[in-house]
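Novice: Below are the structure tokens for one structure; questions will follow.
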Amino acid sequence: VFLAYYCFGWAWLVDDGCARIPENPYYQNMSQYFDHALAVTDLETGYPLCVANNGNASGLYNVAGYVVTPAAAEQLAAFHKDVTMALPWDGLYVDEFDAAFPPSWISTFADQSSAYDINNDGIADTLGDLQAQYAAFKPYFSQKLREAIGEDKLLIANSGTNVLGDASLNGITIESEDCCDGSHGTPCPESEIETGYEICAAAFEGQALVGRAPRLSVLWHTHDYVIPAQAQCDEVRRFREDVGDFVLDGDDFSDGSWNATDLCPPA
């Protein structure tokens, strides 16, 4: 299975200020499909704010951020239909599809601007405005993506455990450190591994109950200093027994966070 990758909330734009992209037809096409006024915009300069590279204009690229609106959903769905899916991908993988807009990106916006606009009305928006807009139109975004890629393609989102079941998705992915109840970035206490497992199992099951067939969800093996490798492998086997065999496991080896020699061997 080969899925195209897209990061929700990222808009590859060529614009004044921080927004700059590699010389690549794919990114340049997005800049043409997406209305730049829908990016998070600094009210003083009128320039888009960036979520990648912290707005440092000296970087090789800087990615503008947006908070989803109906128009943004429609434009990006059209882009993925016409450009991304012009290649024979099996579907689309949407990263950062969290229940709330990522706090780290909000901090990045705050580092660049003291007053910004998220919906092109020329008025400074609050954190409450931002999260409300994100929550209101996120389901419409996945619905438009589903319409764009078709019923026969996979649509999977990296949502973590803080997931709201989405009928447009075939499944979700969870990074293993999210399966620790109350601990992130530090070793997970043994007492919290079991309750964390239950949280992840509920997230997988909840999405499966409302999602599209065929169902496909993934536990990403990450950060084995949080949950030991063997415990992660045991959890995958349990997910498959307790939730369903549509839960698979995988890893991004390039990030160096998984120190096991290979993925979980058969029991």
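Labels used: A, B, ... for chains in the order of the structure tokens, numbers from 1 for residues in each chain, and numbers from 1 for ligands as shown.
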Determine which residues of stretch 7-252 of chain A DSSP labels as strand (DSSP E or B) from the backbone of this structure, then write them out as a ChimeraX atom specification.

Specialist: /A:7,10-11,20,41-42,48,50,62,64-65,91-95,116-117,154-158,171-175,217-220,247-250

Novice: Can you tell me, as an MDAnalysis selection string, what residues are no more than 6 Å from A:Tyr47 when counting only C-alpha atoms, ignoring any on the same chain fewer than 6 positions away?

Specialist: chainID A and resid 16:17 41

Novice: Keeping only all heavy atoms, write the selected residues to a file as a CSV table (one decimal), in the first residue's frame.

Specialist:
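out-v5.csv, freshly written:
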chain,number,residue,atom,x,y,z
A,16,ASP,N,5.1,37.0,0.1
A,16,ASP,CA,6.0,37.8,0.9
A,16,ASP,C,6.1,37.3,2.3
A,16,ASP,O,5.2,36.5,2.8
A,16,ASP,CB,5.5,39.3,0.8
A,16,ASP,CG,5.6,39.9,-0.6
A,16,ASP,OD1,6.5,39.6,-1.3
A,16,ASP,OD2,4.7,40.7,-0.9
A,17,GLY,N,7.1,37.8,3.0
A,17,GLY,CA,7.3,37.3,4.4
A,17,GLY,C,8.0,36.0,4.4
A,17,GLY,O,8.9,35.7,3.6
A,41,THR,N,-2.7,35.1,8.8
A,41,THR,CA,-2.1,36.4,8.2
A,41,THR,C,-1.8,37.4,9.3
A,41,THR,O,-2.7,37.7,10.1
A,41,THR,CB,-3.0,37.0,7.2
A,41,THR,OG1,-3.2,36.0,6.1
A,41,THR,CG2,-2.4,38.2,6.6

Novice: If we count only C-alpha atoms, what is near A:Ser217 at a cut-off of 8 Å, once residues fewer than 2 positions away on the same chain are taken out, given as a VMD selection string?

Specialist: chain A and resid 156 170 to 173 204 215 219 246 to 248

Novice: Residues within 10 Å of A:Thr126, please, as a count of residues only. Count only C-alpha atoms; anything in the same chain fewer than 6 positions from it doesn't count.

Specialist: 5

Novice: Please list as a PyMOL selection string every residue within 6 Å of stretch 225-235 of chain A, counting only C-alpha atoms and excluding residues in the same chain fewer than 6 positions away.

Specialist: chain A and resi 186-188+264

Novice: Quick one: residues within 10 Å of A:Leu130, only C-alpha atoms counted, chain neighbours fewer than 6 positions away excluded, as number ranges by chain?

Specialist: A: 40, 66-68, 100-101, 106, 117-119

Novice: Within 10 Å of A:Gly211, counting only C-alpha atoms, which residues qualify if same-chain residues fewer than 4 places away don't, as number ranges by chain?

Specialist: A: 155, 165-172, 205-207, 215-216

Novice: Could you tell me which of A:Val218, A:Ala136, A:Phe109, A:Lys144 comes closest to A:Lys81 if we count only C-alpha atoms?

Specialist: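 The shortest atom-to-atom distance to A:Lys81 comes from A:Lys144.
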
Novice: Return the single residue from A:Tyr140, A:Trp220, A:Phe34, A:Phe2 that is closest to A:Gly65, with distances computed using only C-alpha atoms.

Specialist: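 The answer is A:Phe34, which sits nearest to A:Gly65.
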
Novice: Rank A:Asp242, A:Glu44, A:Asp251, A:Asp152 by their smallest atom-to-atom distance to A:Pro88, using only C-alpha atoms, and report the top residue only.

Specialist: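 Checking each candidate against A:Pro88, we get A:Asp152 as the closest.
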
Novice: If you run DSSP on the backbone, which residues of stretch 11-91 of chain A are alpha helix (DSSP H), as a ChimeraX atom specification?

Specialist: /A:25-33,70-82

Novice: Could you turn the residues from that selection into a file that holds N, CA and C atoms, as a CSV table (one decimal), in the first residue's frame?

Specialist:
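Okay, this is what ended up in out.csv:
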chain,number,residue,atom,x,y,z
A,25,PRO,N,7.3,21.5,-9.0
A,25,PRO,CA,6.0,21.7,-9.5
A,25,PRO,C,4.9,21.4,-8.6
A,26,TYR,N,5.1,20.4,-7.7
A,26,TYR,CA,4.0,20.0,-6.8
A,26,TYR,C,3.6,21.1,-5.9
A,27,TYR,N,4.7,21.7,-5.2
A,27,TYR,CA,4.4,22.7,-4.3
A,27,TYR,C,4.0,24.0,-5.0
A,28,GLN,N,4.5,24.3,-6.1
A,28,GLN,CA,4.1,25.5,-6.9
A,28,GLN,C,2.6,25.4,-7.3
A,29,ASN,N,2.1,24.2,-7.6
A,29,ASN,CA,0.7,24.0,-7.9
A,29,ASN,C,-0.2,24.3,-6.7
A,30,MET,N,0.3,23.9,-5.5
A,30,MET,CA,-0.5,24.2,-4.3
A,30,MET,C,-0.6,25.7,-4.1
A,31,SER,N,0.4,26.4,-4.3
A,31,SER,CA,0.4,27.9,-4.2
A,31,SER,C,-0.6,28.5,-5.1
A,32,GLN,N,-0.9,27.8,-6.3
A,32,GLN,CA,-1.8,28.4,-7.2
A,32,GLN,C,-3.3,28.0,-6.9
A,33,TYR,N,-3.5,26.8,-6.3
A,33,TYR,CA,-4.8,26.4,-5.9
A,33,TYR,C,-5.3,27.1,-4.7
A,70,PRO,N,-14.3,26.4,5.2
A,70,PRO,CA,-14.9,25.7,4.1
A,70,PRO,C,-14.2,25.9,2.8
A,71,ALA,N,-13.8,27.2,2.5
A,71,ALA,CA,-13.1,27.5,1.2
A,71,ALA,C,-11.7,26.8,1.2
A,72,ALA,N,-11.0,26.8,2.3
A,72,ALA,CA,-9.7,26.1,2.3
A,72,ALA,C,-9.9,24.6,2.1
A,73,ALA,N,-10.9,24.0,2.7
A,73,ALA,CA,-11.1,22.6,2.5
A,73,ALA,C,-11.4,22.3,1.0
A,74,GLU,N,-12.2,23.1,0.4
A,74,GLU,CA,-12.6,22.9,-1.0
A,74,GLU,C,-11.4,23.1,-1.9
A,75,GLN,N,-10.6,24.1,-1.7
A,75,GLN,CA,-9.5,24.3,-2.6
A,75,GLN,C,-8.4,23.3,-2.4
A,76,LEU,N,-8.1,22.8,-1.2
A,76,LEU,CA,-7.1,21.8,-1.0
A,76,LEU,C,-7.6,20.4,-1.5
A,77,ALA,N,-8.9,20.2,-1.4
A,77,ALA,CA,-9.5,18.9,-1.9
A,77,ALA,C,-9.3,18.9,-3.4
A,78,ALA,N,-9.5,20.0,-4.1
A,78,ALA,CA,-9.4,20.1,-5.5
A,78,ALA,C,-7.9,19.9,-5.9
A,79,PHE,N,-7.0,20.5,-5.1
A,79,PHE,CA,-5.6,20.3,-5.4
A,79,PHE,C,-5.2,18.8,-5.3
A,80,HIS,N,-5.6,18.1,-4.3
A,80,HIS,CA,-5.3,16.7,-4.1
A,80,HIS,C,-5.9,15.9,-5.2
A,81,LYS,N,-7.1,16.2,-5.6
A,81,LYS,CA,-7.8,15.5,-6.7
A,81,LYS,C,-7.0,15.6,-8.0
A,82,ASP,N,-6.7,16.9,-8.3
A,82,ASP,CA,-6.1,17.1,-9.6
A,82,ASP,C,-4.6,16.9,-9.7

Novice: Rank nothing, just name the residue among A:Glu96, A:Asp181, A:Asp42, A:Asp121 nearest to A:Lys138, using only C-alpha atoms.

Specialist: A:Glu96

Novice: Take atom CA of A:Ser176 and atom CA of A:Gly9 and report the distance between them in Å, one decimal.

Specialist: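 Value for the atom CA of A:Ser176-atom CA of A:Gly9 distance: 22.7 Å.
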
Novice: As an exercise, work out the distance from atom CA of A:Arg238 to atom CA of A:Tyr197 in Å and give it to one decimal place.

Specialist: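 Taking atom CA of A:Arg238 and atom CA of A:Tyr197, their separation equals 9.0 Å.
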
Novice: Distance atom CA of A:Asp245-atom CA of A:Ala99, one decimal place?

Specialist: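 Result for atom CA of A:Asp245 versus atom CA of A:Ala99: 25.0 Å, one decimal.
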